[in-house]
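Source file: data-v6.cif. Holds: mmCIF, C-alpha atoms.
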```
data_start
#
loop_
_atom_site.label_atom_id
_atom_site.label_comp_id
_atom_site.auth_asym_id
_atom_site.auth_seq_id
_atom_site.Cartn_x
_atom_site.Cartn_y
_atom_site.Cartn_z
CA MET A 23 -33.37 23.23 -11.90
CA ALA A 24 -32.49 26.95 -11.95
CA GLU A 25 -31.47 26.82 -8.29
CA LEU A 26 -29.33 23.73 -8.89
CA ASN A 27 -27.53 25.54 -11.69
CA ARG A 28 -26.90 28.46 -9.32
CA LEU A 29 -25.45 26.03 -6.79
CA GLN A 30 -23.13 24.50 -9.36
CA ALA A 31 -22.02 27.94 -10.50
CA ALA A 32 -21.42 29.21 -6.96
CA PHE A 33 -19.33 26.15 -6.13
CA LYS A 34 -17.28 26.41 -9.30
CA GLN A 35 -16.59 30.11 -8.70
CA SER A 36 -15.59 29.66 -5.06
CA THR A 37 -11.96 30.31 -4.16
CA TYR A 38 -11.58 27.11 -2.14
CA GLN A 39 -13.43 23.79 -2.11
CA LEU A 40 -13.53 21.61 1.00
CA ALA A 41 -13.55 18.19 -0.63
CA ASN A 42 -11.67 16.02 -3.12
CA HIS A 43 -8.32 16.59 -4.81
CA GLY A 44 -9.07 19.25 -7.41
CA THR A 45 -10.63 19.81 -10.81
CA ARG A 46 -10.58 16.84 -13.17
CA ASN A 47 -9.12 18.40 -16.30
CA ALA A 48 -6.33 17.90 -18.84
CA GLY A 49 -3.83 19.32 -16.38
CA VAL A 50 -4.20 16.20 -14.21
CA LEU A 51 -3.03 14.01 -17.07
CA LYS A 52 -0.22 16.39 -18.02
CA GLN A 53 1.06 16.36 -14.45
CA ALA A 54 1.10 12.55 -14.37
CA PHE A 55 3.13 12.43 -17.59
CA GLU A 56 5.51 15.27 -16.72
CA ASP A 57 8.42 13.01 -15.76
CA VAL A 58 7.60 10.09 -18.07
CA ALA A 59 10.23 9.43 -20.73
CA ASP A 60 9.15 9.81 -24.35
CA ASP A 61 10.30 6.30 -25.21
CA VAL A 62 8.04 4.51 -22.69
CA GLU A 63 6.12 2.09 -24.89
CA SER A 64 2.38 1.66 -24.91
CA ASP A 65 0.79 -1.53 -23.71
CA LEU A 66 -0.87 -3.58 -26.44
CA TYR A 67 -4.14 -5.43 -25.80
CA GLY A 68 -3.34 -6.07 -22.14
CA SER A 69 0.35 -6.90 -22.55
CA GLY A 70 3.55 -4.91 -22.28
CA GLN A 71 5.93 -3.63 -19.64
CA VAL A 72 3.91 -0.58 -18.59
CA ILE A 73 0.78 -2.58 -17.70
CA GLU A 74 2.52 -5.71 -16.41
CA GLU A 75 4.77 -3.85 -13.98
CA PHE A 76 1.83 -1.89 -12.59
CA GLN A 77 -0.23 -5.05 -12.16
CA GLU A 78 2.64 -6.71 -10.29
CA LYS A 79 2.97 -3.64 -8.06
CA MET A 80 -0.73 -3.68 -7.20
CA ALA A 81 -0.79 -7.45 -6.58
CA ALA A 82 2.06 -7.08 -4.09
CA PHE A 83 0.40 -4.10 -2.40
CA LEU A 84 -2.89 -5.99 -2.02
CA GLY A 85 -1.19 -9.21 -0.94
CA LYS A 86 -2.61 -11.26 -3.81
CA GLU A 87 -0.90 -13.58 -6.30
CA THR A 88 -1.96 -11.65 -9.39
CA ALA A 89 -3.74 -8.45 -10.40
CA VAL A 90 -5.27 -7.30 -13.68
CA PHE A 91 -6.02 -3.74 -14.80
CA PHE A 92 -9.59 -3.13 -15.98
CA PRO A 93 -11.02 -0.02 -17.65
CA SER A 94 -13.80 0.12 -15.04
CA GLY A 95 -14.81 -1.31 -11.70
CA THR A 96 -18.24 -2.18 -13.08
CA MET A 97 -16.61 -4.54 -15.56
CA ALA A 98 -14.20 -5.98 -13.01
CA GLN A 99 -16.80 -6.76 -10.36
CA GLN A 100 -19.36 -8.32 -12.67
CA ILE A 101 -16.62 -10.55 -14.04
CA ALA A 102 -15.42 -11.53 -10.57
CA LEU A 103 -18.90 -12.61 -9.51
CA ARG A 104 -19.48 -14.44 -12.82
CA ILE A 105 -16.32 -16.48 -12.28
CA TRP A 106 -17.30 -17.46 -8.74
CA CYS A 107 -20.81 -18.39 -9.89
CA ASP A 108 -19.49 -20.52 -12.74
CA ASP A 109 -17.04 -22.25 -10.43
CA LYS A 110 -19.85 -23.30 -8.09
CA GLY A 111 -22.44 -23.89 -10.78
CA LEU A 112 -24.82 -21.54 -9.01
CA LYS A 113 -25.80 -18.13 -10.34
CA ARG A 114 -26.71 -16.43 -7.10
CA VAL A 115 -24.76 -13.87 -5.04
CA ALA A 116 -25.49 -11.85 -1.92
CA TYR A 117 -24.74 -8.21 -1.16
CA HIS A 118 -26.03 -5.06 0.50
CA PRO A 119 -29.23 -3.71 -1.14
CA LEU A 120 -27.47 -0.39 -1.85
CA SER A 121 -24.49 -2.02 -3.54
CA HIS A 122 -23.15 -0.30 -6.66
CA LEU A 123 -24.12 -3.40 -8.64
CA GLU A 124 -27.72 -3.02 -7.57
CA ILE A 125 -28.36 0.72 -7.98
CA HIS A 126 -25.83 2.08 -10.49
CA GLU A 127 -25.29 -0.57 -13.17
CA GLU A 128 -28.68 -0.91 -14.90
CA ASP A 129 -29.00 -4.53 -13.74
CA GLY A 130 -25.85 -5.52 -15.62
CA LEU A 131 -25.20 -8.52 -13.38
CA LYS A 132 -28.66 -9.88 -14.11
CA GLU A 133 -29.01 -8.90 -17.77
CA LEU A 134 -25.48 -9.78 -18.95
CA HIS A 135 -24.72 -12.74 -16.71
CA GLY A 136 -28.09 -14.06 -15.53
CA ILE A 137 -26.99 -13.81 -11.91
CA GLU A 138 -29.63 -13.48 -9.21
CA SER A 139 -28.96 -11.20 -6.27
CA VAL A 140 -29.94 -11.73 -2.64
CA TYR A 141 -30.00 -8.80 -0.21
CA LEU A 142 -28.00 -9.31 2.95
CA THR A 143 -29.51 -6.66 5.20
CA ASP A 144 -31.74 -3.62 5.50
CA PRO A 145 -30.66 -0.61 3.42
CA ASP A 146 -29.75 1.58 6.38
CA ARG A 147 -27.14 -0.58 8.15
CA VAL A 148 -23.91 -2.43 7.49
CA VAL A 149 -23.67 -6.18 6.99
CA GLU A 150 -23.13 -8.30 10.12
CA LEU A 151 -22.18 -11.97 10.52
CA LYS A 152 -25.75 -13.04 11.22
CA ASP A 153 -26.87 -11.61 7.88
CA VAL A 154 -24.55 -14.00 6.07
CA ALA A 155 -25.06 -16.95 8.39
CA GLU A 156 -28.85 -16.68 8.23
CA LEU A 157 -29.22 -16.50 4.45
CA ASP A 158 -32.30 -18.44 3.35
CA GLU A 159 -30.80 -19.29 -0.04
CA GLU A 160 -27.51 -20.86 -1.06
CA VAL A 161 -25.15 -18.41 -2.79
CA ALA A 162 -21.92 -18.74 -4.74
CA ALA A 163 -20.43 -15.54 -3.38
CA VAL A 164 -20.90 -12.72 -0.91
CA LEU A 165 -19.83 -9.18 -1.79
CA LEU A 166 -18.90 -6.69 0.92
CA GLU A 167 -18.37 -3.01 0.16
CA LEU A 168 -15.87 -1.19 2.37
CA PRO A 169 -16.91 1.47 3.17
CA GLN A 170 -20.65 1.26 2.44
CA ARG A 171 -20.91 4.43 0.40
CA GLU A 172 -24.66 4.91 0.18
CA ILE A 173 -25.06 5.03 3.96
CA GLY A 174 -22.31 7.57 4.54
CA GLY A 175 -19.32 5.27 4.32
CA GLN A 176 -20.14 3.21 7.39
CA LEU A 177 -18.04 0.14 8.22
CA PRO A 178 -18.42 -3.14 10.09
CA SER A 179 -15.78 -3.84 12.71
CA PHE A 180 -12.64 -5.66 11.64
CA GLU A 181 -13.66 -8.49 13.97
CA THR A 182 -16.91 -8.79 12.01
CA LEU A 183 -14.96 -9.00 8.75
CA GLU A 184 -12.84 -11.80 10.19
CA GLN A 185 -15.94 -13.67 11.34
CA ILE A 186 -17.64 -13.35 7.95
CA SER A 187 -14.46 -14.45 6.19
CA HIS A 188 -14.12 -17.56 8.38
CA TYR A 189 -17.80 -18.40 7.94
CA CYS A 190 -17.61 -18.11 4.15
CA ARG A 191 -14.51 -20.28 3.92
CA ASP A 192 -16.00 -22.91 6.20
CA ASN A 193 -19.13 -23.00 4.04
CA GLN A 194 -17.51 -22.85 0.58
CA ILE A 195 -18.81 -19.36 -0.18
CA LYS A 196 -16.45 -17.03 -2.03
CA LEU A 197 -15.99 -13.60 -0.47
CA HIS A 198 -15.42 -10.65 -2.80
CA LEU A 199 -14.34 -7.16 -1.69
CA ASP A 200 -15.80 -4.10 -3.35
CA GLY A 201 -12.79 -2.08 -2.27
CA ALA A 202 -13.40 0.90 -4.50
CA ARG A 203 -12.38 2.98 -1.48
CA LEU A 204 -10.23 0.34 0.23
CA LEU A 205 -7.27 2.64 0.83
CA GLU A 206 -9.49 5.11 2.62
CA VAL A 207 -10.49 2.62 5.35
CA THR A 208 -6.99 1.50 6.28
CA PRO A 209 -6.47 4.29 8.88
CA TYR A 210 -9.67 3.42 10.73
CA TYR A 211 -8.94 -0.30 10.82
CA GLU A 212 -5.26 0.37 11.50
CA LYS A 213 -4.53 -2.43 9.04
CA SER A 214 -2.63 -2.55 5.78
CA ALA A 215 -4.48 -3.10 2.53
CA ALA A 216 -2.93 -6.58 2.34
CA GLU A 217 -4.15 -7.46 5.84
CA ILE A 218 -7.71 -6.51 4.89
CA CYS A 219 -7.53 -8.25 1.51
CA ALA A 220 -6.30 -11.47 3.13
CA LEU A 221 -9.87 -12.01 4.34
CA PHE A 222 -11.22 -12.00 0.77
CA ASP A 223 -10.94 -14.36 -2.21
CA SER A 224 -11.03 -11.52 -4.73
CA VAL A 225 -10.59 -7.77 -4.47
CA TYR A 226 -11.54 -4.75 -6.58
CA LEU A 227 -9.75 -1.42 -6.08
CA SER A 228 -10.70 1.82 -7.82
CA LEU A 229 -7.83 3.80 -9.32
CA TYR A 230 -9.62 7.15 -9.43
CA LYS A 231 -11.90 7.50 -6.41
CA GLY A 232 -9.51 7.90 -3.50
CA ILE A 233 -6.22 8.45 -5.29
CA GLY A 234 -7.52 10.66 -8.09
CA GLY A 235 -6.39 8.82 -11.23
CA ILE A 236 -8.13 9.32 -14.57
CA ALA A 237 -10.06 6.04 -14.63
CA GLY A 238 -9.58 2.32 -14.20
CA ALA A 239 -9.64 -0.47 -11.65
CA ILE A 240 -7.61 -3.36 -10.33
CA LEU A 241 -9.01 -6.84 -9.80
CA ALA A 242 -6.81 -9.15 -7.74
CA GLY A 243 -6.89 -12.77 -6.62
CA ASP A 244 -5.13 -16.08 -7.12
CA GLU A 245 -3.58 -17.22 -10.40
CA ALA A 246 -6.45 -19.44 -11.52
CA PHE A 247 -9.08 -16.77 -10.82
CA MET A 248 -7.14 -14.03 -12.59
CA LYS A 249 -6.50 -16.23 -15.62
CA GLN A 250 -10.24 -16.58 -16.04
CA SER A 251 -10.71 -12.85 -15.49
CA LYS A 252 -8.50 -12.09 -18.49
CA VAL A 253 -10.73 -14.21 -20.72
CA TRP A 254 -13.81 -12.38 -19.49
CA LYS A 255 -12.06 -9.04 -19.86
CA ARG A 256 -11.54 -9.82 -23.55
CA ARG A 257 -15.16 -10.91 -23.91
CA HIS A 258 -16.31 -7.62 -22.40
CA GLY A 259 -14.16 -5.55 -24.75
CA GLY A 260 -11.88 -4.49 -21.92
CA ASP A 261 -8.64 -5.17 -23.77
CA LEU A 262 -8.38 -1.81 -25.49
CA ILE A 263 -5.45 -1.51 -27.87
CA SER A 264 -3.71 0.62 -25.25
CA LEU A 265 -4.52 1.72 -21.71
CA TYR A 266 -1.26 3.39 -20.76
CA PRO A 267 -2.70 6.91 -20.20
CA TYR A 268 -4.90 5.44 -17.46
CA ILE A 269 -2.14 3.23 -16.06
CA ILE A 270 0.52 5.95 -15.89
CA SER A 271 -1.98 8.32 -14.30
CA ALA A 272 -3.02 5.65 -11.79
CA ASP A 273 0.57 4.82 -10.91
CA TYR A 274 1.43 8.49 -10.42
CA SER A 275 -1.68 9.14 -8.31
CA PHE A 276 -1.13 6.01 -6.23
CA ASP A 277 2.40 7.07 -5.35
CA GLU A 278 1.22 10.64 -4.71
CA ARG A 279 -1.75 9.91 -2.45
CA SER A 280 -1.86 6.34 -1.11
CA GLY A 281 0.21 7.45 1.88
CA LYS A 282 -2.10 10.37 2.70
CA MET A 283 -5.20 8.43 3.71
CA GLY A 284 -4.61 9.12 7.41
CA GLN A 285 -4.45 12.84 6.66
CA TYR A 286 -7.74 12.70 4.74
CA PHE A 287 -9.35 10.66 7.54
CA GLU A 288 -8.42 13.23 10.18
CA ALA A 289 -9.72 16.03 7.95
CA ALA A 290 -13.04 14.21 7.58
CA LYS A 291 -13.45 13.98 11.35
CA ARG A 292 -12.67 17.70 11.78
CA VAL A 293 -15.03 18.84 9.04
CA ALA A 294 -17.84 16.52 10.16
CA SER A 295 -17.57 18.01 13.64
CA LEU A 296 -17.96 21.50 12.16
CA PHE A 297 -21.07 20.48 10.22
CA ASN A 298 -22.57 18.89 13.33
CA SER A 299 -22.07 22.14 15.23
CA CYS A 300 -24.52 23.91 12.89
CA GLN A 301 -28.26 24.08 13.44
CA ASP A 302 -30.34 21.39 11.70
CA ILE A 303 -27.29 19.72 10.12
CA VAL A 304 -26.01 16.25 11.00
CA THR A 305 -23.49 13.96 9.40
CA LEU A 306 -23.80 10.25 8.68
CA PRO A 307 -21.95 8.78 10.40
CA GLU A 308 -21.63 11.38 13.15
CA VAL A 309 -17.91 10.57 13.41
CA PRO A 310 -16.57 9.43 10.02
CA VAL A 311 -14.76 6.10 9.72
CA SER A 312 -13.05 6.98 6.45
CA ASN A 313 -12.40 10.13 4.46
CA MET A 314 -16.07 10.30 3.41
CA PHE A 315 -19.40 11.04 5.06
CA HIS A 316 -22.83 12.41 4.19
CA VAL A 317 -24.15 15.81 5.27
CA HIS A 318 -27.89 15.81 6.07
CA PHE A 319 -30.17 18.84 6.34
CA SER A 320 -33.57 18.59 8.04
CA HIS A 321 -35.17 20.96 5.52
CA PRO A 322 -36.29 20.67 1.89
CA LYS A 323 -33.70 20.81 -0.86
CA GLU A 324 -35.20 23.95 -2.39
CA GLU A 325 -34.82 25.78 0.95
CA ILE A 326 -31.25 24.66 1.60
CA GLU A 327 -29.87 25.44 -1.87
CA PRO A 328 -30.07 29.26 -1.52
CA VAL A 329 -28.42 29.05 1.90
CA ILE A 330 -25.41 27.23 0.46
CA VAL A 331 -25.25 29.46 -2.61
CA GLU A 332 -25.16 32.58 -0.42
CA LEU A 333 -22.56 31.04 1.88
CA GLU A 334 -20.27 30.08 -0.99
CA GLN A 335 -20.59 33.52 -2.55
CA GLU A 336 -19.94 35.33 0.74
CA THR A 337 -17.06 33.20 2.09
CA GLY A 338 -15.43 31.92 -1.10
CA ILE A 339 -15.51 28.37 0.32
CA GLY A 340 -17.37 25.75 -1.68
CA LEU A 341 -19.22 23.12 0.35
CA THR A 342 -20.94 21.28 -2.47
CA SER A 343 -22.16 21.67 -6.05
CA TYR A 344 -25.29 19.57 -5.54
CA LEU A 345 -27.96 18.41 -3.11
CA LYS A 346 -29.96 15.19 -3.27
CA GLU A 347 -33.52 15.04 -2.02
CA ILE A 348 -34.23 12.41 0.62
CA ASP A 349 -37.90 13.30 1.00
CA SER A 350 -40.04 16.43 0.96
CA GLY A 351 -38.46 17.67 4.18
CA SER A 352 -34.78 16.71 3.95
CA CYS A 353 -31.77 16.49 1.67
CA TYR A 354 -28.06 15.62 1.74
CA PHE A 355 -24.76 15.63 -0.11
CA GLU A 356 -21.58 13.57 0.09
CA MET A 357 -18.16 14.77 1.23
CA SER A 358 -14.90 12.99 0.36
CA MET A 359 -11.87 14.70 1.82
CA GLY A 360 -8.69 15.00 -0.24
CA ASP A 361 -5.85 17.37 -1.05
CA ARG A 362 -8.00 20.50 -1.34
CA TYR A 363 -8.77 20.83 2.36
CA ALA A 364 -5.14 21.35 3.37
CA GLU A 365 -4.94 24.33 1.00
CA ILE A 366 -7.57 26.34 2.90
CA PRO A 367 -6.48 28.66 5.73
CA ALA A 368 -7.88 27.23 8.98
CA ASP A 369 -9.39 30.56 10.07
CA LEU A 370 -11.40 30.79 6.85
CA VAL A 371 -12.83 27.34 7.45
CA GLN A 372 -13.89 28.30 10.96
CA GLN A 373 -15.46 31.55 9.74
CA ALA A 374 -17.38 29.76 6.99
CA PHE A 375 -18.95 27.28 9.40
CA LYS A 376 -19.76 30.00 11.90
CA ARG A 377 -21.56 31.84 9.11
CA LEU A 378 -23.33 28.65 8.02
CA ASP A 379 -24.68 28.16 11.52
CA GLN A 380 -25.84 31.78 11.60
CA LYS A 381 -27.60 31.42 8.26
CA MET A 382 -29.36 28.23 9.32
CA LYS A 383 -30.59 29.92 12.51
CA GLU A 384 -31.72 33.04 10.68
CA ARG A 385 -33.55 31.04 8.03
CA PHE A 386 -35.10 28.27 10.11
CA SER A 387 -35.41 29.30 13.77
CA GLU A 388 -38.98 29.78 14.82
#
```

Any chance you could give the structure as structure tokens?
Amino acid sequence: MAELNRLQAAFKQSTYQLANHGTRNAGVLKQAFEDVADDVESDLYGSGQVIEEFQEKMAAFLGKETAVFFPSGTMAQQIALRIWCDDKGLKRVAYHPLSHLEIHEEDGLKELHGIESVYLTDPDRVVELKDVAELDEEVAAVLLELPQREIGGQLPSFETLEQISHYCRDNQIKLHLDGARLLEVTPYYEKSAAEICALFDSVYLSLYKGIGGIAGAILAGDEAFMKQSKVWKRRHGGDLISLYPYIISADYSFDERSGKMGQYFEAAKRVASLFNSCQDIVTLPEVPVSNMFHVHFSHPKEEIEPVIVELEQETGIGLTSYLKEIDSGSCYFEMSMGDRYAEIPADLVQQAFKRLDQKMKERFSE
């Protein structure tokens, strides 16, 4: 624990950080409100101009009839799957075993909604058509996460998405998109968000992950689906008296960063290449397919932490504030490229990775 604290401190004190958009602090909210008129009225329990205009904007962007703002993606996705299960009269859905619903939500789907989950594939690969077509049990819905975060942000091909979409529609299975990082995959697919969403019956988009808003999510679909979602949103306590700080921040961040996803994607490929040039370090995937990837070290966490601390202190460039243990002999962390990378002089980046490679060789070469 002491070493982890050192790592956090070294990262925080570094002059530059490779990933993300910047520190999440009050200044982010102040910046979003800087040009907002004082007389802009708050929304009230899910109604009002500020929330309705934003929802219409997001529905149009995603190519769906209607969109609803939710305080969290966890709430939005559980509700989406509940609606599809109720519509079919079958409380069973299928998704990747490392889905957010399965590993980060304390079994909310099961405990709150009584919905059974079926795993589509092995944990270490993306979902393919055969995984859906060869399901042993009937399901009401299939959830696909793009990109698949827990395996480094890997993606199926767009052709595979089309095949799965056609199969689900032919077999009366609803297809839901966990698009928390949907914007980030548009450069790789060379498709608009609406073109991707057209393959899905319902879509969730995070308003803080890729674009850097304060919090919140969008759920989008057809009129009938979204009407039901509003009822469930009220049941879940999601209709706070006002949500405008989140909405204004999300709108500002969307306008500021939704057009930069190609820039972040190219940065991810450059930085991943630099990591892969260092001894005993590999990225997953080797060539990123979005702005995110995982950095794997073939040595124990407790041996890698001091290397990174020293590097960050010497170079002033922060790689990460944490490491996660994979097993007794390896560890990793996640990188998501954003605005920060463009602020770092290119020569300093090169020097930092050259020094990282040197340190890995000094520490671990036999």

Counting only C-alpha atoms, the option among A:Glu172, A:Glu336, A:Asp192, A:Asp379 closest to Thr37 of chain A: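 Under the stated criterion, the closest residue is A:Glu336.
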
Nearest to Ala289 of chain A, chosen from A:Ile105, A:Met359, A:Ala48, A:Val58, with all atoms listed in the file counted in the distances: A:Met359

Å distance separating atom CA of Ala368 of chain A from atom CA of Glu206 of chain A, one decimal place: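 Atom CA of Glu206 of chain A lies 23.1 Å from atom CA of Ala368 of chain A.
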
Nearby residues (all atoms listed in the file) at most 8 Å from segment 221-238 of chain A, same-chain spacing under 3 positions excluded, as a PyMOL selection string: chain A and resi 43+50-51+91-95+98-99+102+183-184+187+196-206+217-218+241-244+268-269+271-272+274-276+278-280+360

Give me the result of the PyMOL selection byres ((chain A and resi 145) around 8) on this file, residue by residue, as a PDB file with C-alpha atoms, in the coordinates of the input.
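Done, and the output landed in selection-v6.pdb:
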```
ATOM      1  CA  HIS A 118     -26.030  -5.060   0.500  1.00  0.00           C
ATOM      2  CA  PRO A 119     -29.230  -3.710  -1.140  1.00  0.00           C
ATOM      3  CA  LEU A 120     -27.470  -0.390  -1.850  1.00  0.00           C
ATOM      4  CA  THR A 143     -29.510  -6.660   5.200  1.00  0.00           C
ATOM      5  CA  ASP A 144     -31.740  -3.620   5.500  1.00  0.00           C
ATOM      6  CA  ASP A 146     -29.750   1.580   6.380  1.00  0.00           C
ATOM      7  CA  ARG A 147     -27.140  -0.580   8.150  1.00  0.00           C
ATOM      8  CA  ILE A 173     -25.060   5.030   3.960  1.00  0.00           C
TER       9      ILE A 173
END
```

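The shortest atom-to-atom distance to Asp65 of chain A, with all atoms listed in the file taken into account, belongs to A:Pro267 out of A:Gly174, A:Pro322, A:Pro267, A:Gly44.
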